[in-house]
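Undergrad: Take a look at model12.pdb, PDB, C-alpha atoms, pLDDT in the B column:
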```pdb
ATOM      1  CA  MET A1089      83.836 117.365 -50.628  1.00 51.00           C
ATOM      2  CA  LYS A1090      83.491 113.893 -52.161  1.00 52.00           C
ATOM      3  CA  LEU A1091      87.248 113.389 -51.825  1.00 46.00           C
ATOM      4  CA  SER A1092      87.140 114.322 -48.128  1.00 48.00           C
ATOM      5  CA  ALA A1093      84.287 111.900 -47.476  1.00 44.00           C
ATOM      6  CA  PHE A1094      86.094 109.152 -49.392  1.00 45.00           C
ATOM      7  CA  LEU A1095      89.317 109.728 -47.416  1.00 45.00           C
ATOM      8  CA  LEU A1096      87.390 109.706 -44.129  1.00 46.00           C
ATOM      9  CA  VAL A1097      85.715 106.381 -44.985  1.00 47.00           C
ATOM     10  CA  LEU A1098      89.068 104.951 -46.117  1.00 46.00           C
ATOM     11  CA  LEU A1099      90.729 106.070 -42.873  1.00 47.00           C
ATOM     12  CA  LEU A1100      87.964 104.506 -40.768  1.00 48.00           C
ATOM     13  CA  LEU A1101      88.228 101.216 -42.672  1.00 49.00           C
ATOM     14  CA  PHE A1102      91.992 101.218 -42.178  1.00 50.00           C
ATOM     15  CA  GLN A1103      91.636 101.689 -38.411  1.00 56.00           C
ATOM     16  CA  VAL A1104      89.055  98.918 -38.125  1.00 49.00           C
ATOM     17  CA  SER A1105      91.182  96.492 -40.139  1.00 50.00           C
ATOM     18  CA  CYS A1106      94.357  97.050 -38.106  1.00 52.00           C
ATOM     19  CA  LYS A1107      95.281  94.101 -35.933  1.00 53.00           C
ATOM     20  CA  LYS A1108      95.106  94.919 -32.274  1.00 54.00           C
ATOM     21  CA  ASP A1109      97.427  93.422 -29.685  1.00 59.00           C
ATOM     22  CA  GLU A1110      95.324  91.041 -27.665  1.00 79.00           C
ATOM     23  CA  THR A1111      96.196  90.251 -24.095  1.00 82.00           C
ATOM     24  CA  PRO A1112      96.342  86.484 -23.546  1.00 85.00           C
ATOM     25  CA  ASP A1113      93.642  84.892 -21.419  1.00 92.00           C
ATOM     26  CA  THR A1114      94.478  84.455 -17.753  1.00 93.00           C
ATOM     27  CA  SER A1115      92.199  81.463 -17.205  1.00 96.00           C
ATOM     28  CA  GLY A1116      90.637  78.560 -19.033  1.00 97.00           C
ATOM     29  CA  SER A1117      90.893  74.816 -19.427  1.00 98.00           C
ATOM     30  CA  VAL A1118      93.198  72.703 -21.568  1.00 98.00           C
ATOM     31  CA  THR A1119      94.190  69.100 -22.251  1.00 98.00           C
ATOM     32  CA  ILE A1120      97.841  68.137 -22.677  1.00 98.00           C
ATOM     33  CA  ASP A1121      99.448  64.740 -23.189  1.00 98.00           C
ATOM     34  CA  ASN A1122     102.871  63.168 -23.551  1.00 97.00           C
ATOM     35  CA  THR A1123     102.592  62.089 -27.189  1.00 95.00           C
ATOM     36  CA  LYS A1124     106.066  62.379 -28.663  1.00 94.00           C
ATOM     37  CA  THR A1125     106.325  63.838 -32.162  1.00 91.00           C
ATOM     38  CA  LEU A1126     109.406  63.511 -34.324  1.00 89.00           C
ATOM     39  CA  GLY A1127     110.771  66.655 -35.911  1.00 81.00           C
ATOM     40  CA  GLN A1128     114.535  67.057 -35.984  1.00 82.00           C
ATOM     41  CA  THR A1129     114.270  65.640 -32.460  1.00 89.00           C
ATOM     42  CA  TYR A1130     111.362  64.336 -30.422  1.00 93.00           C
ATOM     43  CA  TYR A1131     109.136  66.899 -28.744  1.00 95.00           C
ATOM     44  CA  VAL A1132     105.897  67.045 -26.780  1.00 97.00           C
ATOM     45  CA  TYR A1133     103.322  69.764 -26.232  1.00 97.00           C
ATOM     46  CA  GLY A1134     102.912  71.329 -22.830  1.00 98.00           C
ATOM     47  CA  PHE A1135     101.161  74.459 -21.604  1.00 98.00           C
ATOM     48  CA  LEU A1136     102.547  78.008 -21.309  1.00 98.00           C
ATOM     49  CA  PHE A1137     100.418  79.996 -18.835  1.00 97.00           C
ATOM     50  CA  SER A1138     101.755  83.453 -19.743  1.00 95.00           C
ATOM     51  CA  GLU A1139     100.622  83.027 -23.360  1.00 96.00           C
ATOM     52  CA  ALA A1140      97.589  80.839 -22.567  1.00 96.00           C
ATOM     53  CA  LYS A1141      98.472  78.227 -25.171  1.00 97.00           C
ATOM     54  CA  LYS A1142      99.994  74.851 -25.872  1.00 98.00           C
ATOM     55  CA  VAL A1143     103.605  75.053 -27.030  1.00 98.00           C
ATOM     56  CA  THR A1144     106.231  72.432 -27.845  1.00 97.00           C
ATOM     57  CA  THR A1145     109.307  71.639 -25.827  1.00 96.00           C
ATOM     58  CA  GLN A1146     111.325  72.940 -28.811  1.00 95.00           C
ATOM     59  CA  GLU A1147     109.834  76.454 -28.714  1.00 96.00           C
ATOM     60  CA  ASN A1148     111.239  79.469 -26.922  1.00 95.00           C
ATOM     61  CA  PRO A1149     109.741  80.090 -24.486  1.00 95.00           C
ATOM     62  CA  GLY A1150     108.908  76.467 -23.884  1.00 96.00           C
ATOM     63  CA  PRO A1151     105.981  75.162 -21.876  1.00 98.00           C
ATOM     64  CA  ASP A1152     105.634  75.855 -18.169  1.00 97.00           C
ATOM     65  CA  VAL A1153     104.292  72.357 -17.557  1.00 98.00           C
ATOM     66  CA  THR A1154     104.297  69.048 -19.367  1.00 98.00           C
ATOM     67  CA  VAL A1155     102.575  65.839 -18.298  1.00 98.00           C
ATOM     68  CA  GLU A1156     104.283  62.466 -18.031  1.00 97.00           C
ATOM     69  CA  SER A1157     103.764  58.995 -16.609  1.00 95.00           C
ATOM     70  CA  ASP A1158     106.174  56.604 -14.962  1.00 90.00           C
ATOM     71  CA  GLY A1159     103.877  53.704 -15.838  1.00 84.00           C
ATOM     72  CA  THR A1160     102.054  53.943 -12.516  1.00 88.00           C
ATOM     73  CA  ASN A1161     101.571  57.621 -11.699  1.00 94.00           C
ATOM     74  CA  LEU A1162     100.810  60.648 -13.818  1.00 97.00           C
ATOM     75  CA  PHE A1163     102.779  63.810 -12.976  1.00 98.00           C
ATOM     76  CA  PHE A1164     103.493  67.381 -14.064  1.00 98.00           C
ATOM     77  CA  GLN A1165     107.053  68.445 -14.628  1.00 97.00           C
ATOM     78  CA  THR A1166     108.733  71.709 -15.512  1.00 97.00           C
ATOM     79  CA  ASP A1167     112.079  72.776 -16.894  1.00 93.00           C
ATOM     80  CA  ASN A1168     112.703  75.900 -14.819  1.00 92.00           C
ATOM     81  CA  PHE A1169     115.251  74.429 -12.368  1.00 90.00           C
ATOM     82  CA  LYS A1170     113.233  75.111  -9.227  1.00 94.00           C
ATOM     83  CA  ASP A1171     110.666  73.366  -7.081  1.00 97.00           C
ATOM     84  CA  SER A1172     107.503  74.654  -8.694  1.00 97.00           C
ATOM     85  CA  PHE A1173     104.486  72.690  -7.448  1.00 98.00           C
ATOM     86  CA  PHE A1174     102.400  72.878  -4.286  1.00 98.00           C
ATOM     87  CA  ARG A1175      99.408  70.583  -3.740  1.00 98.00           C
ATOM     88  CA  PHE A1176      96.804  72.918  -2.294  1.00 98.00           C
ATOM     89  CA  GLY A1177      94.243  70.173  -1.731  1.00 98.00           C
ATOM     90  CA  GLU A1178      92.590  66.899  -2.740  1.00 98.00           C
ATOM     91  CA  TYR A1179      88.798  66.653  -2.823  1.00 98.00           C
ATOM     92  CA  ASN A1180      86.238  63.852  -2.849  1.00 98.00           C
ATOM     93  CA  ASP A1181      84.375  65.035  -5.936  1.00 98.00           C
ATOM     94  CA  ALA A1182      84.419  67.539  -8.795  1.00 98.00           C
ATOM     95  CA  ALA A1183      82.023  69.942  -7.067  1.00 98.00           C
ATOM     96  CA  ALA A1184      84.233  70.205  -3.972  1.00 98.00           C
ATOM     97  CA  ALA A1185      87.360  70.671  -6.106  1.00 98.00           C
ATOM     98  CA  GLN A1186      85.611  73.345  -8.198  1.00 98.00           C
ATOM     99  CA  SER A1187      84.490  75.162  -5.058  1.00 97.00           C
ATOM    100  CA  ALA A1188      88.010  75.080  -3.580  1.00 97.00           C
ATOM    101  CA  PHE A1189      89.509  76.282  -6.875  1.00 97.00           C
ATOM    102  CA  ASN A1190      87.023  79.152  -7.134  1.00 96.00           C
ATOM    103  CA  SER A1191      87.548  80.110  -3.470  1.00 96.00           C
ATOM    104  CA  LEU A1192      91.348  80.122  -3.790  1.00 96.00           C
ATOM    105  CA  THR A1193      91.897  83.863  -4.102  1.00 95.00           C
ATOM    106  CA  SER A1194      95.198  84.081  -2.216  1.00 94.00           C
ATOM    107  CA  ALA A1195      97.716  81.689  -0.762  1.00 92.00           C
ATOM    108  CA  THR A1196     100.896  81.574   1.254  1.00 94.00           C
ATOM    109  CA  VAL A1197     103.284  78.717   0.569  1.00 95.00           C
ATOM    110  CA  ALA A1198     106.296  78.031   2.788  1.00 96.00           C
ATOM    111  CA  ALA A1199     109.566  77.805   0.835  1.00 94.00           C
ATOM    112  CA  GLU A1200     110.116  74.192   1.866  1.00 97.00           C
ATOM    113  CA  ALA A1201     106.607  73.138   0.771  1.00 97.00           C
ATOM    114  CA  TRP A1202     107.302  73.471  -2.968  1.00 98.00           C
ATOM    115  CA  GLU A1203     107.936  70.192  -4.816  1.00 97.00           C
ATOM    116  CA  GLY A1204     109.949  69.465  -7.965  1.00 96.00           C
ATOM    117  CA  LEU A1205     107.150  67.400  -9.531  1.00 96.00           C
ATOM    118  CA  ALA A1206     103.394  67.479  -9.113  1.00 98.00           C
ATOM    119  CA  LEU A1207     103.150  63.803  -8.170  1.00 97.00           C
ATOM    120  CA  PRO A1208     100.776  62.060  -8.335  1.00 97.00           C
ATOM    121  CA  VAL A1209      98.331  64.104 -10.398  1.00 98.00           C
ATOM    122  CA  LEU A1210      94.779  62.876  -9.764  1.00 98.00           C
ATOM    123  CA  PRO A1211      91.293  64.183 -10.561  1.00 98.00           C
ATOM    124  CA  ASN A1212      89.823  66.650  -8.064  1.00 98.00           C
ATOM    125  CA  GLN A1213      93.153  68.039  -6.899  1.00 98.00           C
ATOM    126  CA  VAL A1214      94.099  71.719  -6.808  1.00 98.00           C
ATOM    127  CA  TRP A1215      97.745  72.629  -7.373  1.00 98.00           C
ATOM    128  CA  ILE A1216      99.656  75.911  -7.349  1.00 98.00           C
ATOM    129  CA  TYR A1217     102.399  76.301  -9.931  1.00 98.00           C
ATOM    130  CA  ARG A1218     105.358  78.706  -9.600  1.00 96.00           C
ATOM    131  CA  SER A1219     107.238  79.693 -12.763  1.00 95.00           C
ATOM    132  CA  GLY A1220     110.959  80.379 -12.975  1.00 91.00           C
ATOM    133  CA  SER A1221     110.157  84.117 -13.035  1.00 91.00           C
ATOM    134  CA  GLU A1222     108.012  83.902  -9.862  1.00 92.00           C
ATOM    135  CA  HIS A1223     104.603  84.057 -11.526  1.00 95.00           C
ATOM    136  CA  TYR A1224     101.854  81.748 -10.338  1.00 96.00           C
ATOM    137  CA  ALA A1225      98.973  79.684 -11.632  1.00 97.00           C
ATOM    138  CA  LYS A1226      96.346  77.655  -9.844  1.00 98.00           C
ATOM    139  CA  ILE A1227      95.355  74.363 -11.444  1.00 98.00           C
ATOM    140  CA  ARG A1228      92.280  72.150 -10.892  1.00 98.00           C
ATOM    141  CA  ILE A1229      92.651  68.633 -12.246  1.00 98.00           C
ATOM    142  CA  ILE A1230      89.494  67.682 -14.156  1.00 98.00           C
ATOM    143  CA  SER A1231      90.467  64.309 -15.625  1.00 98.00           C
ATOM    144  CA  ILE A1232      93.443  62.119 -16.406  1.00 97.00           C
ATOM    145  CA  VAL A1233      94.258  59.187 -18.656  1.00 96.00           C
ATOM    146  CA  SER A1234      97.138  56.961 -17.618  1.00 93.00           C
ATOM    147  CA  GLU A1235      97.623  53.796 -19.647  1.00 93.00           C
ATOM    148  CA  VAL A1236     100.042  51.916 -21.860  1.00 91.00           C
ATOM    149  CA  ARG A1237      99.873  52.692 -25.584  1.00 90.00           C
ATOM    150  CA  ALA A1238     102.166  51.054 -28.107  1.00 88.00           C
ATOM    151  CA  GLY A1239     104.166  49.622 -25.218  1.00 90.00           C
ATOM    152  CA  LEU A1240     104.857  53.062 -23.684  1.00 91.00           C
ATOM    153  CA  PRO A1241     103.290  54.879 -20.723  1.00 95.00           C
ATOM    154  CA  PHE A1242     100.707  57.373 -22.009  1.00 96.00           C
ATOM    155  CA  ALA A1243      99.638  60.376 -19.926  1.00 97.00           C
ATOM    156  CA  GLU A1244      96.851  62.871 -20.618  1.00 98.00           C
ATOM    157  CA  CYS A1245      95.513  65.535 -18.288  1.00 98.00           C
ATOM    158  CA  THR A1246      92.644  67.991 -18.612  1.00 98.00           C
ATOM    159  CA  PHE A1247      92.817  70.880 -16.176  1.00 98.00           C
ATOM    160  CA  GLU A1248      91.299  74.238 -15.412  1.00 98.00           C
ATOM    161  CA  TRP A1249      93.787  77.012 -14.737  1.00 98.00           C
ATOM    162  CA  ALA A1250      94.047  80.635 -13.666  1.00 97.00           C
ATOM    163  CA  TYR A1251      97.296  82.556 -14.132  1.00 96.00           C
ATOM    164  CA  GLN A1252      98.438  85.528 -12.075  1.00 94.00           C
ATOM    165  CA  PRO A1253     100.682  87.640 -14.337  1.00 89.00           C
ATOM    166  CA  ASP A1254     101.546  90.231 -11.677  1.00 91.00           C
ATOM    167  CA  GLY A1255     103.800  87.885  -9.674  1.00 90.00           C
ATOM    168  CA  THR A1256     101.580  87.579  -6.602  1.00 91.00           C
ATOM    169  CA  LEU A1257      99.717  84.630  -5.145  1.00 92.00           C
ATOM    170  CA  THR A1258      96.441  86.546  -5.389  1.00 91.00           C
ATOM    171  CA  PHE A1259      93.943  85.126  -7.857  1.00 87.00           C
ATOM    172  CA  PRO A1260      90.605  86.541  -8.953  1.00 73.00           C
ATOM    173  CA  GLY A1261      87.673  84.801  -7.267  1.00 64.00           C
ATOM    174  CA  LYS A1262      84.507  83.568  -8.930  1.00 60.00           C
TER
END
```
Could you write out this structure as structure tokens?
TA:
Amino acid sequence: MKLSAFLLVLLLLFQVSCKKDETPDTSGSVTIDNTKTLGQTYYVYGFLFSEAKKVTTQENPGPDVTVESDGTNLFFQTDNFKDSFFRFGEYNDAAAAQSAFNSLTSATVAAEAWEGLALPVLPNQVWIYRSGSEHYAKIRIISIVSEVRAGLPFAECTFEWAYQPDGTLTFPGK
């Protein structure tokens, strides 16, 4: 009897300690910048919506979006060989942008309306991103930093995002 009880407790502990596959978040906020780091080559961190994390441009899969500056404007770029950005709207303040972002539960974007770069990226904008595999994310720009550091254009962007992993332009509302 004691052996059966011991085995039962051991089995329960084993089940509790097993790592479970966790589904990545489908929304959140993140800050990315264009700081170049030297490994075997230079790389930057961008954001990968499908895994809800920052990844380097050397990883596979690489980031969906990276942020850059041309010295005047801050912009998002992607490496998926398609026009991937649609500016849904620009708002006068954070509250209006937050309201628009929360209310954006579905969208229709004409094929010719997609842009190759999200340019310029400014606070209180809402963008829609389209991945190379036709998955979508909505993005609300919270803040940006665009300045010269060490003689080079520096870009930093904090944004709220919501990813739609099912391949539709339907997002959960708040």
Undergrad: For the point (88.3, 80.9, -19.2) in the file's frame, write as a VMD selection string all residues with an atom no more than 10 Å away, counting only C-alpha atoms.
TA: chain A and resid 1113 to 1118 1140 1248 to 1250
Undergrad: Taking all atoms of stretch 1132-1150 of chain A that appear in the file, build a box with edges along x, y and z, extend it by 4 Å on every side, and state its centre and edge lengths in Å to one decimal, as lines of an AutoDock Vina configuration file.
TA:
```
center_x = 104.5
center_y = 75.2
center_z = -23.8
size_x = 21.7
size_y = 24.4
size_z = 18.0
```
Undergrad: Find the residue from A:Ile1120, A:Leu1207, A:Leu1192, A:Ala1238 that sits nearest to A:Lys1142; use all atoms listed in the file when measuring.
TA: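 Closest to A:Lys1142, using all atoms listed in the file: A:Ile1120.
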Undergrad: Starting from the displayed file, determine the output of the PyMOL selection byres ((chain A and resi 1169) around 12) and express the residue list as a PyMOL selection string.
TA: chain A and resi 1152+1165-1168+1170-1173+1203-1205+1218-1221
Undergrad: Can you turn the PyMOL selection byres ((chain A and resi 1184) around 12) into a concrete residue list for this file, as a ChimeraX atom specification?
TA: /A:1177-1183,1185-1191,1211-1214,1228-1230
Undergrad: Using only C-alpha atoms, which of A:Asp1121, A:Thr1196, A:Thr1258, A:Tyr1251 sits nearest A:Val1233?
TA: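 Selected residue with least distance to A:Val1233: A:Asp1121.
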Undergrad: Env of A:Thr1256: 12 Å cut, atoms = only C-alpha atoms, seq-sep filter 6 positions within chain, self excluded. Answer as a list in words.
TA: Thr1193, Ser1194, Ala1195, Thr1196, Val1197, Ile1216, Tyr1217, Arg1218, Ser1219, Ser1221, Glu1222, His1223, Tyr1224, Ala1225 and Lys1226 of chain A
Undergrad: How many Å lie between atom CA of A:Thr1129 and atom CA of A:Pro1208, rounded to one decimal?
TA: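 Pair atom CA of A:Thr1129 / atom CA of A:Pro1208 returns 27.9 Å.
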Undergrad: Quick one: distance from atom CA of A:Phe1135 to atom CA of A:Pro1151 in Å, one decimal?
TA: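 These two atoms are separated by 4.9 Å.
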Undergrad: Just give me the gap between atom CA of A:Pro1241 and atom CA of A:Gly1134 in Å, one decimal is fine.
TA: 16.6 Å
Undergrad: From the options A:Gln1252, A:Ser1234, A:Thr1246, A:Asn1148, which residue's atoms come nearest to A:Thr1160, counting only C-alpha atoms?
TA: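 Among the listed residues, the smallest separation from A:Thr1160 belongs to A:Ser1234.
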Undergrad: Once the PyMOL selection byres ((chain A and resi 1159) around 12) is applied to the coordinates I shared, what remains selected? I want it as a PyMOL selection string.
TA: chain A and resi 1156-1158+1160-1163+1208+1233-1237+1239-1243
Undergrad: Would you put the residues from that selection into a file with C-alpha atoms, as a compact mmCIF listing (two decimals), keeping the file's coordinate frame?
TA:
```
# COMPACT_ATOMS: atom_id res chain seq x y z
CA GLU A 1156 104.28 62.47 -18.03
CA SER A 1157 103.76 59.00 -16.61
CA ASP A 1158 106.17 56.60 -14.96
CA THR A 1160 102.05 53.94 -12.52
CA ASN A 1161 101.57 57.62 -11.70
CA LEU A 1162 100.81 60.65 -13.82
CA PHE A 1163 102.78 63.81 -12.98
CA PRO A 1208 100.78 62.06 -8.34
CA VAL A 1233 94.26 59.19 -18.66
CA SER A 1234 97.14 56.96 -17.62
CA GLU A 1235 97.62 53.80 -19.65
CA VAL A 1236 100.04 51.92 -21.86
CA ARG A 1237 99.87 52.69 -25.58
CA GLY A 1239 104.17 49.62 -25.22
CA LEU A 1240 104.86 53.06 -23.68
CA PRO A 1241 103.29 54.88 -20.72
CA PHE A 1242 100.71 57.37 -22.01
CA ALA A 1243 99.64 60.38 -19.93
```
Undergrad: (104.4, 65.5, -27.2) in this file's frame - what residues fall within 10 Å of it? Use all atoms listed in the file and give the answer as a list in words.
TA: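 Residues with an atom close enough to that point: Ile1120, Asp1121, Asn1122, Thr1123, Lys1124, Thr1125, Leu1126, Tyr1130, Tyr1131, Val1132, Tyr1133, Gly1134, Val1143, Thr1144, Thr1145, Thr1154, Val1155 and Glu1156 of chain A.
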Undergrad: Can I get stretch 1108-1121 of chain A with N, CA and C atoms filled in, as a PDB file, in the frame of the given file?
TA:
```
ATOM      1  N   LYS A1108      94.868  94.403 -33.611  1.00 54.00           N
ATOM      2  CA  LYS A1108      95.106  94.919 -32.274  1.00 54.00           C
ATOM      3  C   LYS A1108      95.856  93.880 -31.463  1.00 54.00           C
ATOM      4  N   ASP A1109      96.747  94.342 -30.585  1.00 59.00           N
ATOM      5  CA  ASP A1109      97.427  93.422 -29.685  1.00 59.00           C
ATOM      6  C   ASP A1109      96.418  92.928 -28.668  1.00 59.00           C
ATOM      7  N   GLU A1110      96.260  91.614 -28.616  1.00 79.00           N
ATOM      8  CA  GLU A1110      95.324  91.041 -27.665  1.00 79.00           C
ATOM      9  C   GLU A1110      96.089  90.487 -26.475  1.00 79.00           C
ATOM     10  N   THR A1111      95.616  90.791 -25.305  1.00 82.00           N
ATOM     11  CA  THR A1111      96.196  90.251 -24.095  1.00 82.00           C
ATOM     12  C   THR A1111      95.770  88.799 -23.962  1.00 82.00           C
ATOM     13  N   PRO A1112      96.724  87.894 -23.688  1.00 85.00           N
ATOM     14  CA  PRO A1112      96.342  86.484 -23.546  1.00 85.00           C
ATOM     15  C   PRO A1112      95.358  86.286 -22.389  1.00 85.00           C
ATOM     16  N   ASP A1113      94.549  85.248 -22.506  1.00 92.00           N
ATOM     17  CA  ASP A1113      93.642  84.892 -21.419  1.00 92.00           C
ATOM     18  C   ASP A1113      94.445  84.605 -20.157  1.00 92.00           C
ATOM     19  N   THR A1114      93.826  84.798 -19.016  1.00 93.00           N
ATOM     20  CA  THR A1114      94.478  84.455 -17.753  1.00 93.00           C
ATOM     21  C   THR A1114      93.782  83.288 -17.073  1.00 93.00           C
ATOM     22  N   SER A1115      92.838  82.661 -17.760  1.00 96.00           N
ATOM     23  CA  SER A1115      92.199  81.463 -17.205  1.00 96.00           C
ATOM     24  C   SER A1115      91.555  80.679 -18.338  1.00 96.00           C
ATOM     25  N   GLY A1116      91.273  79.414 -18.046  1.00 97.00           N
ATOM     26  CA  GLY A1116      90.637  78.560 -19.033  1.00 97.00           C
ATOM     27  C   GLY A1116      90.801  77.105 -18.661  1.00 97.00           C
ATOM     28  N   SER A1117      90.625  76.241 -19.637  1.00 98.00           N
ATOM     29  CA  SER A1117      90.893  74.816 -19.427  1.00 98.00           C
ATOM     30  C   SER A1117      91.589  74.284 -20.668  1.00 98.00           C
ATOM     31  N   VAL A1118      92.377  73.240 -20.491  1.00 98.00           N
ATOM     32  CA  VAL A1118      93.198  72.703 -21.568  1.00 98.00           C
ATOM     33  C   VAL A1118      93.471  71.229 -21.297  1.00 98.00           C
ATOM     34  N   THR A1119      93.766  70.486 -22.358  1.00 98.00           N
ATOM     35  CA  THR A1119      94.190  69.100 -22.251  1.00 98.00           C
ATOM     36  C   THR A1119      95.573  68.981 -22.889  1.00 98.00           C
ATOM     37  N   ILE A1120      96.508  68.406 -22.145  1.00 98.00           N
ATOM     38  CA  ILE A1120      97.841  68.137 -22.677  1.00 98.00           C
ATOM     39  C   ILE A1120      98.143  66.656 -22.503  1.00 98.00           C
ATOM     40  N   ASP A1121      99.045  66.141 -23.333  1.00 98.00           N
ATOM     41  CA  ASP A1121      99.448  64.740 -23.189  1.00 98.00           C
ATOM     42  C   ASP A1121     100.936  64.611 -23.486  1.00 98.00           C
TER      43      ASP A1121
END
```
